[in-house]
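Peer 1: Structure incoming, see below.
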Amino acid sequence: MIVVRENTEDLYVGKSSRWLQGSGLPSRSTRPEPLKRIAKFAFDLAMKRRKRLAFVHKANILKLTDGIFKQAVLNIAKQYPGVELEDISCRCCNNAIHRRPESFDVVVATNLYGDILTDEAAALVGGTRVVAGGNIGDHYGMFEPAGGSAPKYTGQNKVNPVAMIEAYE
């Protein structure tokens, strides 16, 4: 299973403001162009694999922001009639990853949901410390252990090197 997530926007822009006394209101960046780009990347990847793509959202609740993501995926899907598309909510996908992991191949999501899903999927094989992740741009990619390299454990013989090895293969 490969989870493709947009890695520069969503709630990870890190902006929030005070709304009412003692309350915060997060800002979420959801622009069509970055979402179309990851959708196209995910569809291209699905074409090279099992021709199955699940797209994960909460458009039933977050009608505007997740609706933009959902529409971007559906628009790109028209260019890939050979790809089987599964429209699945984040909550249902979290459950399904544990019940039927073999049914997933390529999964595409916004940044926050992708972060949650990669942790859920990693739990199936031993956790984030044993899976690799990649940050892939238009010209370059950077690969690393999904849970980070854990430099604070250097020389203590505590960290499993599998994810680091996978990241550099």
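Just so we're on the same page: first chain in the structure tokens is A, next is B, and so on; residues restart at 1 for each chain, and ligands are numbered from 1 in the order they show up.
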Could you find all residues in chain A that DSSP calls strand (DSSP E) from the backbone, and write them as a ChimeraX atom specification?
Peer 2: /A:2-5,16-18,24-26,52-57,84-89,106-109,132-136,141-145
Peer 1: Go ahead and dump the residues you just picked, N, CA, C and O atoms, as a compact mmCIF listing (two decimals), in the first residue's frame.
Peer 2:
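Once written, out-v1.txt looks like this:
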# COMPACT_ATOMS: atom_id res chain seq x y z
N ILE A 2 0.55 2.19 -0.84
CA ILE A 2 1.25 3.46 -0.87
C ILE A 2 0.23 4.56 -0.59
O ILE A 2 -0.82 4.61 -1.23
N VAL A 3 0.54 5.41 0.38
CA VAL A 3 -0.33 6.55 0.68
C VAL A 3 0.33 7.79 0.11
O VAL A 3 1.48 8.12 0.44
N VAL A 4 -0.39 8.48 -0.76
CA VAL A 4 0.07 9.73 -1.36
C VAL A 4 -0.69 10.85 -0.66
O VAL A 4 -1.91 10.83 -0.60
N ARG A 5 0.07 11.81 -0.14
CA ARG A 5 -0.59 12.93 0.53
C ARG A 5 0.03 14.24 0.09
O ARG A 5 1.22 14.33 -0.16
N SER A 16 -3.18 29.65 12.83
CA SER A 16 -4.43 29.67 13.58
C SER A 16 -4.60 31.05 14.19
O SER A 16 -3.67 31.85 14.22
N SER A 17 -5.79 31.32 14.65
CA SER A 17 -6.06 32.62 15.25
C SER A 17 -6.98 32.43 16.45
O SER A 17 -7.65 31.41 16.58
N ARG A 18 -6.99 33.43 17.29
CA ARG A 18 -7.93 33.41 18.41
C ARG A 18 -9.30 33.75 17.87
O ARG A 18 -9.46 34.65 17.05
N GLY A 24 -9.33 28.73 19.87
CA GLY A 24 -8.52 28.92 18.68
C GLY A 24 -9.27 28.46 17.45
O GLY A 24 -10.12 27.59 17.52
N LEU A 25 -8.93 29.06 16.34
CA LEU A 25 -9.54 28.69 15.06
C LEU A 25 -8.42 28.40 14.07
O LEU A 25 -7.66 29.30 13.71
N PRO A 26 -8.27 27.13 13.63
CA PRO A 26 -7.18 26.81 12.70
C PRO A 26 -7.51 27.29 11.29
O PRO A 26 -8.67 27.39 10.90
N ARG A 52 -5.79 0.51 -8.89
CA ARG A 52 -6.80 0.77 -7.85
C ARG A 52 -6.36 1.99 -7.06
O ARG A 52 -5.22 2.10 -6.66
N LEU A 53 -7.30 2.91 -6.85
CA LEU A 53 -7.00 4.12 -6.10
C LEU A 53 -8.16 4.43 -5.15
O LEU A 53 -9.31 4.47 -5.56
N ALA A 54 -7.83 4.60 -3.88
CA ALA A 54 -8.81 5.04 -2.90
C ALA A 54 -8.52 6.50 -2.59
O ALA A 54 -7.36 6.87 -2.41
N PHE A 55 -9.56 7.33 -2.56
CA PHE A 55 -9.34 8.71 -2.14
C PHE A 55 -10.15 8.97 -0.88
O PHE A 55 -11.29 8.57 -0.75
N VAL A 56 -9.46 9.60 0.07
CA VAL A 56 -9.95 9.69 1.45
C VAL A 56 -10.25 11.14 1.81
O VAL A 56 -9.42 12.03 1.59
N HIS A 57 -11.43 11.35 2.36
CA HIS A 57 -11.86 12.71 2.69
C HIS A 57 -12.97 12.68 3.73
O HIS A 57 -13.39 11.61 4.16
N GLU A 84 -9.73 1.74 -11.04
CA GLU A 84 -10.87 1.53 -10.14
C GLU A 84 -10.74 2.51 -8.99
O GLU A 84 -9.73 2.55 -8.29
N LEU A 85 -11.76 3.31 -8.78
CA LEU A 85 -11.73 4.39 -7.80
C LEU A 85 -12.63 4.07 -6.61
O LEU A 85 -13.79 3.69 -6.79
N GLU A 86 -12.09 4.19 -5.40
CA GLU A 86 -12.87 4.00 -4.18
C GLU A 86 -12.94 5.33 -3.44
O GLU A 86 -11.93 5.89 -3.04
N ASP A 87 -14.14 5.81 -3.23
CA ASP A 87 -14.42 7.04 -2.49
C ASP A 87 -14.71 6.62 -1.05
O ASP A 87 -15.69 5.92 -0.80
N ILE A 88 -13.86 7.02 -0.10
CA ILE A 88 -14.00 6.52 1.26
C ILE A 88 -13.71 7.63 2.28
O ILE A 88 -12.78 8.41 2.11
N SER A 89 -14.51 7.67 3.32
CA SER A 89 -14.30 8.68 4.36
C SER A 89 -13.08 8.29 5.20
O SER A 89 -12.71 7.11 5.28
N VAL A 106 -3.08 2.05 -3.91
CA VAL A 106 -2.68 3.45 -3.80
C VAL A 106 -3.82 4.20 -3.12
O VAL A 106 -4.98 4.03 -3.48
N VAL A 107 -3.47 5.01 -2.14
CA VAL A 107 -4.43 5.81 -1.40
C VAL A 107 -3.98 7.26 -1.52
O VAL A 107 -2.79 7.55 -1.37
N VAL A 108 -4.89 8.17 -1.81
CA VAL A 108 -4.54 9.59 -1.89
C VAL A 108 -5.42 10.36 -0.91
O VAL A 108 -6.61 10.07 -0.75
N ALA A 109 -4.79 11.32 -0.23
CA ALA A 109 -5.49 12.08 0.80
C ALA A 109 -4.84 13.45 0.97
O ALA A 109 -3.72 13.68 0.52
N ALA A 132 9.33 3.28 5.31
CA ALA A 132 9.97 4.45 4.72
C ALA A 132 8.93 5.39 4.15
O ALA A 132 7.81 4.99 3.81
N GLY A 133 9.29 6.64 4.05
CA GLY A 133 8.44 7.65 3.45
C GLY A 133 9.24 8.44 2.44
O GLY A 133 10.47 8.47 2.48
N GLY A 134 8.55 9.08 1.52
CA GLY A 134 9.22 9.90 0.52
C GLY A 134 8.49 11.21 0.33
O GLY A 134 7.27 11.25 0.32
N ASN A 135 9.24 12.28 0.21
CA ASN A 135 8.70 13.59 -0.13
C ASN A 135 9.16 13.86 -1.55
O ASN A 135 10.35 14.09 -1.79
N ILE A 136 8.22 13.79 -2.49
CA ILE A 136 8.58 13.82 -3.91
C ILE A 136 8.02 15.08 -4.55
O ILE A 136 6.81 15.31 -4.54
N GLY A 141 13.35 14.26 -4.94
CA GLY A 141 12.67 13.51 -3.89
C GLY A 141 13.59 13.33 -2.70
O GLY A 141 14.82 13.28 -2.86
N MET A 142 13.02 13.27 -1.53
CA MET A 142 13.79 13.01 -0.32
C MET A 142 13.12 11.84 0.39
O MET A 142 11.91 11.85 0.61
N PHE A 143 13.89 10.82 0.73
CA PHE A 143 13.34 9.62 1.35
C PHE A 143 13.92 9.47 2.75
O PHE A 143 15.09 9.76 2.98
N GLU A 144 13.08 9.02 3.66
CA GLU A 144 13.48 8.92 5.06
C GLU A 144 12.59 7.91 5.78
O GLU A 144 11.53 7.55 5.28
N PRO A 145 12.99 7.49 6.97
CA PRO A 145 12.08 6.66 7.77
C PRO A 145 10.81 7.47 8.06
O PRO A 145 10.88 8.67 8.32
Peer 1: Given only C-alpha atoms as the basis, pick out the residue of A:Cys90, A:Ile38, A:Gly114, A:Tyr153 nearest to A:Asp138.
Peer 2: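 Counting only C-alpha atoms, the residue closest to A:Asp138 is A:Ile38.
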Peer 1: Please compute the atom CA of A:Ile61-atom CA of A:Glu6 distance, one decimal, in Å.
Peer 2: 19.9 Å
Peer 1: I'd like the neighbourhood of stretch 93-101 of chain A as number ranges by chain, where a residue qualifies if any of its atoms comes within 9 Å (using only C-alpha atoms), though same-chain residues fewer than 5 positions away should be ignored.
Peer 2: A: 1, 54, 56, 88, 116-117, 120-121, 123-124
Peer 1: Since we have the selection now, will you write its residues out, keeping N, CA and C atoms, as a CSV table (one decimal), in the first residue's frame?
Peer 2:
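After the write, selection_1.csv holds the following:
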chain,number,residue,atom,x,y,z
A,1,MET,N,0.9,-1.2,0.0
A,1,MET,CA,0.0,0.0,0.0
A,1,MET,C,0.9,1.2,0.0
A,54,ALA,N,-7.8,4.6,-3.9
A,54,ALA,CA,-8.8,5.0,-2.9
A,54,ALA,C,-8.5,6.5,-2.6
A,56,VAL,N,-9.5,9.6,0.1
A,56,VAL,CA,-9.9,9.7,1.4
A,56,VAL,C,-10.2,11.1,1.8
A,88,ILE,N,-13.9,7.0,-0.1
A,88,ILE,CA,-14.0,6.5,1.3
A,88,ILE,C,-13.7,7.6,2.3
A,116,ILE,N,-2.5,10.6,9.3
A,116,ILE,CA,-3.2,9.6,10.1
A,116,ILE,C,-3.2,8.2,9.4
A,117,LEU,N,-3.4,8.2,8.2
A,117,LEU,CA,-3.5,6.9,7.5
A,117,LEU,C,-2.1,6.2,7.4
A,120,GLU,N,-1.6,4.5,10.6
A,120,GLU,CA,-2.5,3.4,10.7
A,120,GLU,C,-1.9,2.2,9.9
A,121,ALA,N,-1.5,2.5,8.7
A,121,ALA,CA,-1.0,1.4,7.8
A,121,ALA,C,0.3,0.9,8.4
A,123,ALA,N,1.2,0.5,11.4
A,123,ALA,CA,0.9,-0.3,12.5
A,123,ALA,C,0.7,-1.8,12.1
A,124,LEU,N,0.3,-2.0,10.8
A,124,LEU,CA,0.1,-3.4,10.3
A,124,LEU,C,1.4,-4.1,10.2
